[in-house]
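Only one structure is covered here, and it is reproduced in the block below.
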Amino acid sequence: MEKKIFWTGMLIVFVLALSVPGFSEEDKIGEVAINTFRTQIRLPPGIEIRFLEKKESPISDFYSVKLLIVYPDKEVPVVVYVDKLGEKVIIGNLFIKGENVNTKEAGPPKPRKIDMGLLEIEKSPFIGNKGAKVTIVEFSNFQCPYCMDSWSKFLGLMKRYPQDFKYIFKHFPFQTQGKTFELSEMAAAAQEVSNEAFWLIHDFFFTKEGQNIANLEKGAVKQKVEQLLKGKGYDLKIFQSALETGRARNRVLEDMALAERFRMTSTPTKIVNGDMIVGLTPDSTLERYLGK
């Protein structure tokens with residue numbers, strides 16, 4: 001029975017496979033698919049494209065070539081069609097009898113996986129249950145309104161599931177100077193005092209009053225932080241020494257280096273049980289990790 005085949009948004013590109021040097025005949029089909037996709041589809045700079053597999057396609061004399069587009073936070077599989085001579089490439093959605101074959105062959109996008117052991121969790125402040133089912137490492141900064149909103153929503157989730165989450169804070173102020181870095185540095189200096197001292201300053205910065213204070217000059221912000229620490233009986237000498245010796249600065253720089261290593265570009269960015277999630281995260285997304 002004859003199949004009914006429809007193309008939607010198809011782009012047919014003629015290429016010269018033999019113009020790709022250094023690859024075997026077998027490799028050239030995948031290389032042609034990658035090069036054509038990269039030149040015809042607008043991708044952000046630095047995005048990696050990997051070849052996954054090549055197989056016979058529903059289109060006569062064409063291969064189905066599966067590629068993986070690796071974004072900072074997710075991996076998106078796509079299928080393009082390359083003729084067996086490597087001269088024609090079809091990019092777009094292929095429908096057979098009403099079914100989107102392209103989407104079915106490619107499969108769904110997946111969050112980018114990060115090895116949690118590489119995140120140096122033990123160096124950072126945390127709250128929650130050490131043996132929790134879900135571990136969240138969030139790269140954040142104190143002048144990001146989305147980070148403040150993310151933290152506020154997460155507190156509500158922690159109240160509902162106090163034993164199920166462990167949350168680790170990582171500094172990501174983007175630049176090594178300026179107001180945002182100064183706030184991270186002071187919070188990191190508070191961490192040198194204790195884990196609890198860090199959360200005292202962290203929670204203050206993520207309040208309306210704290211945001212107003214954060215906009216003042218550095219000396220005034222430092223004075224307020226010291227007032228808060230002294231009010232809880234913490235040793236100010238440890239805080240001040242962490243700032244003066246650069247220990248606090250180094251803590252922030254270490255977190256920033258991790259963010260750069262994993263190509264993070266925005267805050268908040270979470271690593272949830274190894275899955276990278278960029279932006280605000282609905283409760284339902286995090287609850288899925290609990291099997292809810």
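Every chain in the structure tokens has a letter given in the order shown (A, B, ...), and although residue numbers restart at 1 in each chain, ligands are simply numbered from 1 in the order shown.
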At a cut-off of 9 Å, can you tabulate as a Markdown table every residue of region 36-127 of chain A near region 137-157 of chain A together with its closest atom pair and the distance in Å to one decimal, using only C-alpha atoms and ordering rows by chain then number?
```
| residue | atom | partner | partner_atom | distance |
| --- | --- | --- | --- | --- |
| A:Met116 | CA | A:Val137 | CA | 8.8 |
| A:Leu119 | CA | A:Val137 | CA | 8.2 |
| A:Ile121 | CA | A:Val137 | CA | 7.8 |
| A:Phe126 | CA | A:Val137 | CA | 9.0 |
```
- Task: Using backbone DSSP assignments, extract all helix (DSSP H, G or I) residues from region 157-193 of chain A; output them as a list in words.
- Result: Leu157, Met158, Lys159, Arg160, Lys179, Thr180, Phe181, Glu182, Leu183, Ser184, Glu185, Met186, Ala187, Ala188, Ala189, Ala190, Gln191, Glu192 and Val193 of chain A
Here CA of Leu52 (chain A) and CA of Leu67 (chain A) stand apart by 5.4 Å
Test item: residues at most 9 Å from region 199-215 of chain A, only C-alpha atoms, excluding those fewer than 2 positions along its chain, as a VMD selection string: chain A and resid 125 to 127 142 to 143 145 147 to 149 151 to 152 179 to 180 183 186 to 187 190 to 191 194 to 197 217 to 218 220 to 221 224 to 225 228 to 229
Shortest contact to Val32 (chain A), candidates A:Val89, A:Leu118, A:Ile49, A:Val70, atoms counted only C-alpha atoms, goes to A:Val89
